[in-house]
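Chemist: Take this structure first; my questions come after.
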Amino acid sequence: MHAFKKRYNLIIIALILLAGVTACEKDVILDLADIEGKYVIVEANLINDGSRQWIRLTRSSSYYDVTTGDAVQNASVIVRGNNQSWVFSELLPDSLPGYYFNSEISFALVEATYELIIETADEETFVAQSEFIPLPVLDSVTVKINPFSEFNFFDTTVYDVIAHFAHLPEIEEYYLFNLYINNKIRTPRPSDKAPVSDENLDPYTSFAVLSVNEDDIAPGDTLTLEMRSISKEKFDFYNVFFFQTDLSGNPFAGAPPANIPTNLSEGARGFFQISAVNRKTIIFQPPLQ
């Protein structure tokens with residue numbers, strides 16, 4: 001699902017369901033506070049760009065608590081694959097609690113299956129696997145005015161960011177796109193990102209994956225589009241996350257509430273993903289109207 005379409009879908013869904021929601025209101029109180037500290041939450045998205053990689057471990061917090069859960073410290077965090085092993089270590093006091101780092105694994109990632117093993121100080125063990133999947137070359141990035149803006153659908157001009165690439169033949173591929181402006185990420189939340197399947201793509205494709213409005217970018221700014229390879233399970237993770245968060249304010253929107261997918265064992269939450277990454281940078285100039 002393209003990220004720029006999500007916003008429009010929300011508008012359309014809200015308009016369609018507004019009458020039904022306002023005509024049938026009832027307070028529902030869910031007992032969701034008892035998950036505090038119950039689950040270990042794992043954020044482990046490793047890429048092959050040569051940079052220092054990190055894995056974050058926290059404890060679940062109450063549904064009604066807007067803060068992040070407590071950090072999981074003093075854990076053993078190891079990734080194994082291709083007959084190698086990498087230890088991720090805390091760098092306290094120089095880093096935040098719950099972050100574990102490794103500076104060598106990114107250089108060594110190749111097509112193979114990798115395993116994450118986490119052992120907490122409480123003697124809990126969690127395991128996950130992820131396959132490194134090759135990624136096509138991101139040939140170029142262009143920007144055009146969104147069709148809705150051309151018809152003055154918005155109060156501001158919205159630009160679509162277009163990815164141009166040829167997907168790999170005979171491989172079922174899933175991609176994740178991130179957007180950076182002047183080296184600052186504009187898609188930090190899972191629901192901001194653009195998960196894409198190659199199922200309906202042409203052999204060589206050019207399509208809008210993300211959008212940015214004119215208030216957030218200026219002529220001469222550096223715009224970087226990042227493309228990552230992800231698994232089918234991670235593709236589903238991002239799509240379910242979107243429906244469970246961006247649409248969660250309406251009980252009739254999307255599918256019934258359900259646990260967000262995970263590839264971790266023993267009840268841990270989150271996801272372990274090994275990705276290839278490509279980036280393309282351009283200097284932004286507004287396209288002609």
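A note on labels: chains of the structure tokens are A, B, ... as shown, every chain counts residues from 1, and ligands are counted from 1 in their shown order.
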What are the nearest atom pairs, with distances in Å to one decimal, for all residues of stretch 122-206 of chain A that come at most 8 Å from stretch 229-242 of chain A, using only C-alpha atoms, set out by chain and rising residue number as a Markdown table?

Modeler:
```
| residue | atom | partner | partner_atom | distance |
| --- | --- | --- | --- | --- |
| A:Ser130 | CA | A:Ser231 | CA | 7.9 |
| A:Glu131 | CA | A:Ser231 | CA | 7.6 |
| A:Ile133 | CA | A:Ser229 | CA | 6.1 |
| A:Pro134 | CA | A:Ser229 | CA | 6.8 |
| A:Leu135 | CA | A:Ser229 | CA | 5.7 |
| A:Glu173 | CA | A:Ser229 | CA | 7.4 |
| A:Tyr174 | CA | A:Ile230 | CA | 5.4 |
| A:Tyr175 | CA | A:Ser229 | CA | 4.7 |
| A:Leu176 | CA | A:Ser229 | CA | 6.4 |
| A:Pro190 | CA | A:Tyr238 | CA | 6.1 |
| A:Ser191 | CA | A:Phe242 | CA | 4.9 |
| A:Pro195 | CA | A:Phe235 | CA | 5.9 |
| A:Val196 | CA | A:Phe235 | CA | 7.4 |
| A:Ser197 | CA | A:Phe235 | CA | 7.8 |
```

Chemist: With C-alpha atoms retained, export the selected residues as a PDB file, in the first residue's frame.

Modeler:
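Final output, out_20.pdb:
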```
ATOM      1  CA  SER A 130      15.401 -13.672   8.949  1.00  0.00           C
ATOM      2  CA  GLU A 131      16.642 -14.245   5.414  1.00  0.00           C
ATOM      3  CA  ILE A 133      17.041 -11.004   0.338  1.00  0.00           C
ATOM      4  CA  PRO A 134      18.757  -9.264  -2.610  1.00  0.00           C
ATOM      5  CA  LEU A 135      17.460  -5.908  -3.774  1.00  0.00           C
ATOM      6  CA  GLU A 173       9.858  -9.413  -3.641  1.00  0.00           C
ATOM      7  CA  TYR A 174       8.698  -7.027  -0.949  1.00  0.00           C
ATOM      8  CA  TYR A 175      10.175  -3.602  -0.349  1.00  0.00           C
ATOM      9  CA  LEU A 176      10.095  -0.898   2.303  1.00  0.00           C
ATOM     10  CA  PRO A 190       5.938   2.110  10.990  1.00  0.00           C
ATOM     11  CA  SER A 191       2.703   3.605   9.652  1.00  0.00           C
ATOM     12  CA  PRO A 195       5.652  -1.346   2.250  1.00  0.00           C
ATOM     13  CA  VAL A 196       5.320  -2.474  -1.383  1.00  0.00           C
ATOM     14  CA  SER A 197       4.806  -5.850  -3.056  1.00  0.00           C
TER      15      SER A 197
END
```

Chemist: Report as a PDB file with C-alpha atoms, in the first residue's frame all protein, DNA and RNA residues lying within 8 Å of A:Ile47, evaluated on only C-alpha atoms, omitting residues in the same chain fewer than 5 positions from it.

Modeler:
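New file result_19.pdb:
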```pdb
ATOM      1  CA  GLN A  53      23.835  -1.639  13.732  1.00  0.00           C
ATOM      2  CA  SER A 106      26.732  -4.816   8.442  1.00  0.00           C
ATOM      3  CA  LEU A 109      25.746  -9.575   5.414  1.00  0.00           C
ATOM      4  CA  ILE A 274      17.818  -8.467   7.800  1.00  0.00           C
ATOM      5  CA  SER A 275      17.626  -6.162   4.762  1.00  0.00           C
ATOM      6  CA  ALA A 276      19.606  -5.104   1.744  1.00  0.00           C
ATOM      7  CA  VAL A 277      19.398  -1.336   1.245  1.00  0.00           C
TER       8      VAL A 277
END
```

Chemist: List the spatial neighbours of A:Thr224 as a PyMOL selection string - criterion: any atom at most 9 Å away, only C-alpha atoms, same-chain residues fewer than 3 positions off excluded.

Modeler: chain A and resi 141+178-183+279-283

Chemist: What does the file look like for those residues with N, CA and C atoms, as a PDB file, in the first residue's frame?

Modeler:
```pdb
ATOM      1  N   VAL A 141      15.209   8.672  -8.798  1.00  0.00           N
ATOM      2  CA  VAL A 141      14.078   9.197  -8.031  1.00  0.00           C
ATOM      3  C   VAL A 141      13.654  10.517  -8.672  1.00  0.00           C
ATOM      4  N   ASN A 178      11.672   4.468   2.792  1.00  0.00           N
ATOM      5  CA  ASN A 178      11.774   5.556   3.755  1.00  0.00           C
ATOM      6  C   ASN A 178      12.165   6.835   3.025  1.00  0.00           C
ATOM      7  N   LEU A 179      11.802   7.957   3.603  1.00  0.00           N
ATOM      8  CA  LEU A 179      12.114   9.245   3.006  1.00  0.00           C
ATOM      9  C   LEU A 179      12.914  10.089   3.991  1.00  0.00           C
ATOM     10  N   TYR A 180      13.994  10.710   3.491  1.00  0.00           N
ATOM     11  CA  TYR A 180      14.822  11.619   4.281  1.00  0.00           C
ATOM     12  C   TYR A 180      14.873  12.972   3.584  1.00  0.00           C
ATOM     13  N   ILE A 181      14.792  14.041   4.359  1.00  0.00           N
ATOM     14  CA  ILE A 181      14.973  15.394   3.842  1.00  0.00           C
ATOM     15  C   ILE A 181      16.106  16.038   4.634  1.00  0.00           C
ATOM     16  N   ASN A 182      17.158  16.432   3.921  1.00  0.00           N
ATOM     17  CA  ASN A 182      18.361  16.983   4.568  1.00  0.00           C
ATOM     18  C   ASN A 182      18.882  16.036   5.648  1.00  0.00           C
ATOM     19  N   ASN A 183      18.894  14.737   5.299  1.00  0.00           N
ATOM     20  CA  ASN A 183      19.422  13.662   6.143  1.00  0.00           C
ATOM     21  C   ASN A 183      18.603  13.412   7.404  1.00  0.00           C
ATOM     22  N   ARG A 279      19.902   3.487  -1.721  1.00  0.00           N
ATOM     23  CA  ARG A 279      19.437   4.862  -1.543  1.00  0.00           C
ATOM     24  C   ARG A 279      19.758   5.675  -2.797  1.00  0.00           C
ATOM     25  N   LYS A 280      18.906   6.641  -3.059  1.00  0.00           N
ATOM     26  CA  LYS A 280      19.139   7.570  -4.161  1.00  0.00           C
ATOM     27  C   LYS A 280      18.801   8.970  -3.664  1.00  0.00           C
ATOM     28  N   THR A 281      19.718   9.914  -3.903  1.00  0.00           N
ATOM     29  CA  THR A 281      19.561  11.282  -3.420  1.00  0.00           C
ATOM     30  C   THR A 281      19.452  12.254  -4.585  1.00  0.00           C
ATOM     31  N   ILE A 282      18.540  13.219  -4.455  1.00  0.00           N
ATOM     32  CA  ILE A 282      18.391  14.273  -5.449  1.00  0.00           C
ATOM     33  C   ILE A 282      18.305  15.626  -4.736  1.00  0.00           C
ATOM     34  N   ILE A 283      18.554  16.680  -5.464  1.00  0.00           N
ATOM     35  CA  ILE A 283      18.313  18.033  -4.965  1.00  0.00           C
ATOM     36  C   ILE A 283      16.921  18.445  -5.421  1.00  0.00           C
TER      37      ILE A 283
END
```

Chemist: Which parts of stretch 100-231 of chain A does DSSP call strand (DSSP E or B) when run on the backbone here, written out as an NGL selection string?

Modeler: :A and (100-102 or 113-119 or 125-131 or 138-145 or 158-166 or 174-181 or 184-185 or 194-197 or 204-213 or 222-230)

Chemist: Just the selected residues (C-alpha atoms), exported as a PDB file, in the first residue's frame, please.

Modeler:
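Dumped to result-v5.pdb:
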```
ATOM      1  CA  TYR A 100      22.675  -3.113  21.892  1.00  0.00           C
ATOM      2  CA  PHE A 101      25.269  -2.363  19.185  1.00  0.00           C
ATOM      3  CA  ASN A 102      27.579  -4.132  16.743  1.00  0.00           C
ATOM      4  CA  THR A 113      19.498 -17.015   6.804  1.00  0.00           C
ATOM      5  CA  TYR A 114      20.344 -15.319  10.089  1.00  0.00           C
ATOM      6  CA  GLU A 115      19.210 -16.146  13.619  1.00  0.00           C
ATOM      7  CA  LEU A 116      18.735 -13.744  16.526  1.00  0.00           C
ATOM      8  CA  ILE A 117      19.128 -15.191  20.033  1.00  0.00           C
ATOM      9  CA  ILE A 118      18.219 -13.072  23.051  1.00  0.00           C
ATOM     10  CA  GLU A 119      18.720 -14.239  26.647  1.00  0.00           C
ATOM     11  CA  THR A 125      15.160 -16.837  25.786  1.00  0.00           C
ATOM     12  CA  PHE A 126      13.759 -15.526  22.510  1.00  0.00           C
ATOM     13  CA  VAL A 127      14.719 -16.606  18.992  1.00  0.00           C
ATOM     14  CA  ALA A 128      13.903 -15.308  15.504  1.00  0.00           C
ATOM     15  CA  GLN A 129      15.120 -15.921  11.968  1.00  0.00           C
ATOM     16  CA  SER A 130      15.401 -13.672   8.949  1.00  0.00           C
ATOM     17  CA  GLU A 131      16.642 -14.245   5.414  1.00  0.00           C
ATOM     18  CA  LEU A 138      17.117   1.942  -7.403  1.00  0.00           C
ATOM     19  CA  ASP A 139      17.855   3.621 -10.733  1.00  0.00           C
ATOM     20  CA  SER A 140      16.505   7.094 -10.045  1.00  0.00           C
ATOM     21  CA  VAL A 141      14.078   9.197  -8.031  1.00  0.00           C
ATOM     22  CA  THR A 142      11.846  11.938  -9.392  1.00  0.00           C
ATOM     23  CA  VAL A 143       9.174  14.208  -7.947  1.00  0.00           C
ATOM     24  CA  LYS A 144       5.835  15.214  -9.448  1.00  0.00           C
ATOM     25  CA  ILE A 145       2.778  17.087  -8.227  1.00  0.00           C
ATOM     26  CA  VAL A 158       1.595  17.730  -2.251  1.00  0.00           C
ATOM     27  CA  TYR A 159       4.492  16.166  -4.150  1.00  0.00           C
ATOM     28  CA  ASP A 160       4.730  12.460  -4.964  1.00  0.00           C
ATOM     29  CA  VAL A 161       8.147  10.820  -4.724  1.00  0.00           C
ATOM     30  CA  ILE A 162       8.571   8.405  -7.636  1.00  0.00           C
ATOM     31  CA  ALA A 163      10.860   5.341  -7.495  1.00  0.00           C
ATOM     32  CA  HIS A 164      12.236   3.960 -10.788  1.00  0.00           C
ATOM     33  CA  PHE A 165      13.638   0.416 -10.806  1.00  0.00           C
ATOM     34  CA  ALA A 166      13.437  -3.021 -12.435  1.00  0.00           C
ATOM     35  CA  TYR A 174       8.698  -7.027  -0.949  1.00  0.00           C
ATOM     36  CA  TYR A 175      10.175  -3.602  -0.349  1.00  0.00           C
ATOM     37  CA  LEU A 176      10.095  -0.898   2.303  1.00  0.00           C
ATOM     38  CA  PHE A 177      10.612   2.772   1.437  1.00  0.00           C
ATOM     39  CA  ASN A 178      11.774   5.556   3.755  1.00  0.00           C
ATOM     40  CA  LEU A 179      12.114   9.245   3.006  1.00  0.00           C
ATOM     41  CA  TYR A 180      14.822  11.619   4.281  1.00  0.00           C
ATOM     42  CA  ILE A 181      14.973  15.394   3.842  1.00  0.00           C
ATOM     43  CA  LYS A 184      16.531  13.711   8.626  1.00  0.00           C
ATOM     44  CA  ILE A 185      14.060  10.856   8.397  1.00  0.00           C
ATOM     45  CA  ALA A 194       5.686   2.480   2.434  1.00  0.00           C
ATOM     46  CA  PRO A 195       5.652  -1.346   2.250  1.00  0.00           C
ATOM     47  CA  VAL A 196       5.320  -2.474  -1.383  1.00  0.00           C
ATOM     48  CA  SER A 197       4.806  -5.850  -3.056  1.00  0.00           C
ATOM     49  CA  TYR A 204      10.419  -1.934 -15.052  1.00  0.00           C
ATOM     50  CA  THR A 205       8.312   0.252 -12.849  1.00  0.00           C
ATOM     51  CA  SER A 206       7.948   3.915 -11.964  1.00  0.00           C
ATOM     52  CA  PHE A 207       5.458   4.676  -9.236  1.00  0.00           C
ATOM     53  CA  ALA A 208       4.751   6.964  -6.313  1.00  0.00           C
ATOM     54  CA  VAL A 209       5.786   5.386  -3.024  1.00  0.00           C
ATOM     55  CA  LEU A 210       5.704   8.341  -0.624  1.00  0.00           C
ATOM     56  CA  SER A 211       4.555  11.946  -0.559  1.00  0.00           C
ATOM     57  CA  VAL A 212       5.652  15.221   0.990  1.00  0.00           C
ATOM     58  CA  ASN A 213       3.853  18.556   1.182  1.00  0.00           C
ATOM     59  CA  THR A 222      18.399  17.216  -0.235  1.00  0.00           C
ATOM     60  CA  LEU A 223      15.792  14.486  -0.700  1.00  0.00           C
ATOM     61  CA  THR A 224      16.846  10.860  -0.198  1.00  0.00           C
ATOM     62  CA  LEU A 225      14.685   7.833  -0.921  1.00  0.00           C
ATOM     63  CA  GLU A 226      15.725   4.629   0.838  1.00  0.00           C
ATOM     64  CA  MET A 227      14.644   1.208  -0.455  1.00  0.00           C
ATOM     65  CA  ARG A 228      14.979  -1.946   1.665  1.00  0.00           C
ATOM     66  CA  SER A 229      14.273  -5.602   0.964  1.00  0.00           C
ATOM     67  CA  ILE A 230      11.873  -7.177   3.476  1.00  0.00           C
TER      68      ILE A 230
END
```

Chemist: What is the atom CA of A:Phe107 to atom CA of A:Gln273 distance in Å?

Modeler: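 Here the two named atoms are 15.9 Å from each other.
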